[in-house]
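Notes follow the structure.
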Amino acid sequence: MSDFKALSEAISKGDINTAVSETRQALDAGTSAQDILDNGLIATMNEVGDRFSSGLIFVPQMLRSAKAMQECTKLLKPYFQEGDVVSKGKVLMGTVRGDLHDIGKNLVSMMMEGAGFTIVDLGVDVPPEHFVEKTKEVKPDIVGMSALLSTTMPAMADTVDALQAAGIRKKVKIMIGGAPVTEKYAQKIGADSYASDAGSAVTRAKELLGIS
Amino acid sequence: MIIVGEKINTSRKSVEDAVRNRDAAFIAGLAREQAEAGAHYIDVNAGTFLEEELDCLCWLTETVQKEVALPLCLDSPNAEALSEAMKVHKGEPLVNSISLEEDRLRLLLPVITRQPCSVVALCMARTAMPITTEERVEVGSELVTKLTSEGFPREKIYVDPLIHPVSVNTNMGIAALGAIRRIMDDFPGVNTICGLSNISFGLPERRLTNRNFLALCIGYGLSAVILDPTDRQLMATLLTVQMLLGRDEYCADFIDAYQSGRISA
């Protein structure tokens, strides 16, 4: 395993230029894309995520580090071989029907990507039918739903029901979040998990899929 | 400056418990202390109760108005809850809020035109959140035009430019501030309003950011604000800024506040 100290530091600081150049250097030296991804990028973002969850760093730092990692993963893409484990799992994300809020969803998506998940983001105001259609198409491991208004939360229940009616409820794990959402509500509507913020969303997602 | 007291919100644990247990004394206490601290409207929000929101909002309206002779700011995205609360409200409420979001506009318009009230017009568009000043002004202008065509005088329209956290995009402060100034210039007589907590989401020392944002908002022309009037530092900032903008003859309010112990550096 290679030493990714400089890369790690650059990611932690959100120094995109250094992170990208370190990644390029590692690739040129023959380091495998898998090694760089797992031990350089994901390992660092896990630390960043932990620091964010414990309140040592804040949203802007987390965003900056996530951006640095995104730029590095772009470089790695063409180097991945058939059979490489590129992703910890696929997550379909969306803000529910009638709701336009996306900050929380975007933060969760960024943290999950940093942890090695692949995100398919459906955006905002996503009706249940669209969640169902995309679940069939994308075949995610997790469906993540966000709502920020008490009036749009019922769309979460509708989406769970729609997946049930389409016969694909058991094929995915459903996770929900958003300011008015609670653990109790998640249980009530038959979701598999609830996360109160972007940090714990990653932990919950790993729990749901039984991975570390 | 018009002050809307924000404390009676069930997203605060103590308020949620009081509403669940119908603890009228507790709610009355919050209403009274905000009124005494200078609130012109008392905001009531029971959004965390979901299906029971309607009943809770009506109970809050009646409970608060038994204690203080002030109009309320009825705060909910649920048109039905707002409608029922307006029926039990004495005098003219401030309805918080309407926007260009399709369902909200369609369901709320008949409710706010049915009886005299003022309304908060939130700059939220149909399909996406505005990001720039221009996008906010576009939505805000459409709302003001729509509401005036429905018979609302400008003074009864409170445009909320939509406050987003600077932690996510550092232009979000100036985007909102610019929108406030533009709306106030384009529609003389209209009111503008906002809350102070969204701006600091995701950052430490939120109270510091919130109260400096208040100062900037006032400087850019904000005419009404939703805040905690019992927050002495916040109110001291408000008072000081009003004086700095030439709105306090002989600095009387400022000195009065100082002499009553309401201001310290």
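Within each chain, counting starts at residue 1; across the structure tokens, chains are named A, B, ... in the order shown, with ligands numbered 1 upward in that order.
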Only residues of chain A matter here; which ones have an atom within 12 Å of chain B, counting only C-alpha atoms? Give them as a short mmCIF file (atom, residue, chain, number, x, y, z; two decimals) with C-alpha atoms, in the first residue's frame.
```
data_model
loop_
_atom_site.label_atom_id
_atom_site.label_comp_id
_atom_site.auth_asym_id
_atom_site.auth_seq_id
_atom_site.Cartn_x
_atom_site.Cartn_y
_atom_site.Cartn_z
CA PHE A 52 -17.58 16.98 10.73
CA SER A 53 -19.87 14.76 12.80
CA GLY A 55 -18.22 19.36 15.25
CA LEU A 56 -14.50 19.89 14.76
CA ILE A 57 -15.00 21.15 11.24
CA PHE A 58 -18.03 22.68 9.59
CA VAL A 59 -20.14 22.51 6.45
CA PRO A 60 -17.86 24.67 4.27
CA GLN A 61 -14.77 22.54 5.06
CA MET A 62 -16.68 19.35 4.38
CA LEU A 63 -17.92 20.73 1.05
CA ARG A 64 -14.42 21.80 0.10
CA THR A 95 -36.38 15.43 -2.43
CA ARG A 97 -42.97 15.57 -4.48
CA GLY A 98 -43.93 19.19 -3.87
CA ASP A 99 -40.72 20.03 -2.01
CA LEU A 100 -37.95 22.15 -3.54
CA HIS A 101 -35.42 22.07 -0.69
CA ASP A 102 -32.14 20.47 -1.67
CA ILE A 103 -29.38 21.60 0.68
CA GLY A 104 -29.75 18.67 3.07
CA ASN A 106 -26.93 17.59 -1.42
CA LEU A 107 -24.92 17.46 1.80
CA GLY A 123 -33.25 16.40 -7.82
CA VAL A 124 -36.26 18.00 -6.16
CA ASP A 125 -40.03 17.66 -6.40
CA VAL A 126 -39.75 13.97 -7.28
CA LEU A 148 -38.27 19.84 4.66
CA LEU A 149 -41.96 20.65 5.11
CA SER A 150 -44.58 18.94 7.23
CA THR A 151 -46.89 19.22 4.21
CA THR A 152 -44.56 17.31 1.90
CA MET A 153 -43.64 14.50 4.30
CA PRO A 154 -46.70 12.43 3.36
CA GLY A 178 -35.10 16.24 6.72
CA ALA A 179 -35.83 18.80 9.43
CA PRO A 180 -39.41 17.71 10.34
CA VAL A 181 -38.67 13.98 9.88
CA THR A 182 -38.23 11.69 12.88
CA TYR A 185 -42.13 8.74 11.39
CA ASP A 197 -27.84 14.73 9.52
CA ALA A 198 -25.35 14.15 6.72
#
```
| Per-residue DSSP, stretch 1-199 of chain A, filtered to alpha helix (DSSP H), as an MDAnalysis selection string | chainID A and resid 5:13 16:28 33:35 43:53 59:76 103:114 128:138 154:165 183:189 198:199
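Proximity of B:Ser83, B:Thr63, B:Ser99, B:Thr10 to B:Arg136, computed with only C-alpha atoms, is greatest for B:Ser99.
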| Neighbours of A:Met93 within 7 Å (only C-alpha atoms; same-chain residues fewer than 3 positions away dropped), as JSON, numbers by chain? | {"A": [119, 120, 121, 122, 143, 144, 145]}
Selection from above, C-alpha atoms, as a short mmCIF file (atom, residue, chain, number, x, y, z; two decimals), in the first residue's frame, can you write it?
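To be explicit, this is the file written out as part_38.cif:
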```cif
data_model
loop_
_atom_site.label_atom_id
_atom_site.label_comp_id
_atom_site.auth_asym_id
_atom_site.auth_seq_id
_atom_site.Cartn_x
_atom_site.Cartn_y
_atom_site.Cartn_z
CA ILE A 119 -25.15 8.57 -5.99
CA VAL A 120 -27.89 9.00 -8.57
CA ASP A 121 -29.55 12.32 -7.71
CA LEU A 122 -33.09 12.81 -8.99
CA VAL A 143 -33.43 4.89 -1.85
CA GLY A 144 -32.90 8.11 0.08
CA MET A 145 -35.69 10.65 0.48
#
```
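The smallest atom-to-atom distance between A:Ile211 and any of A:Asn17, A:Thr135, A:Ser87, A:Ser8, using only C-alpha atoms, is found for A:Ser87.
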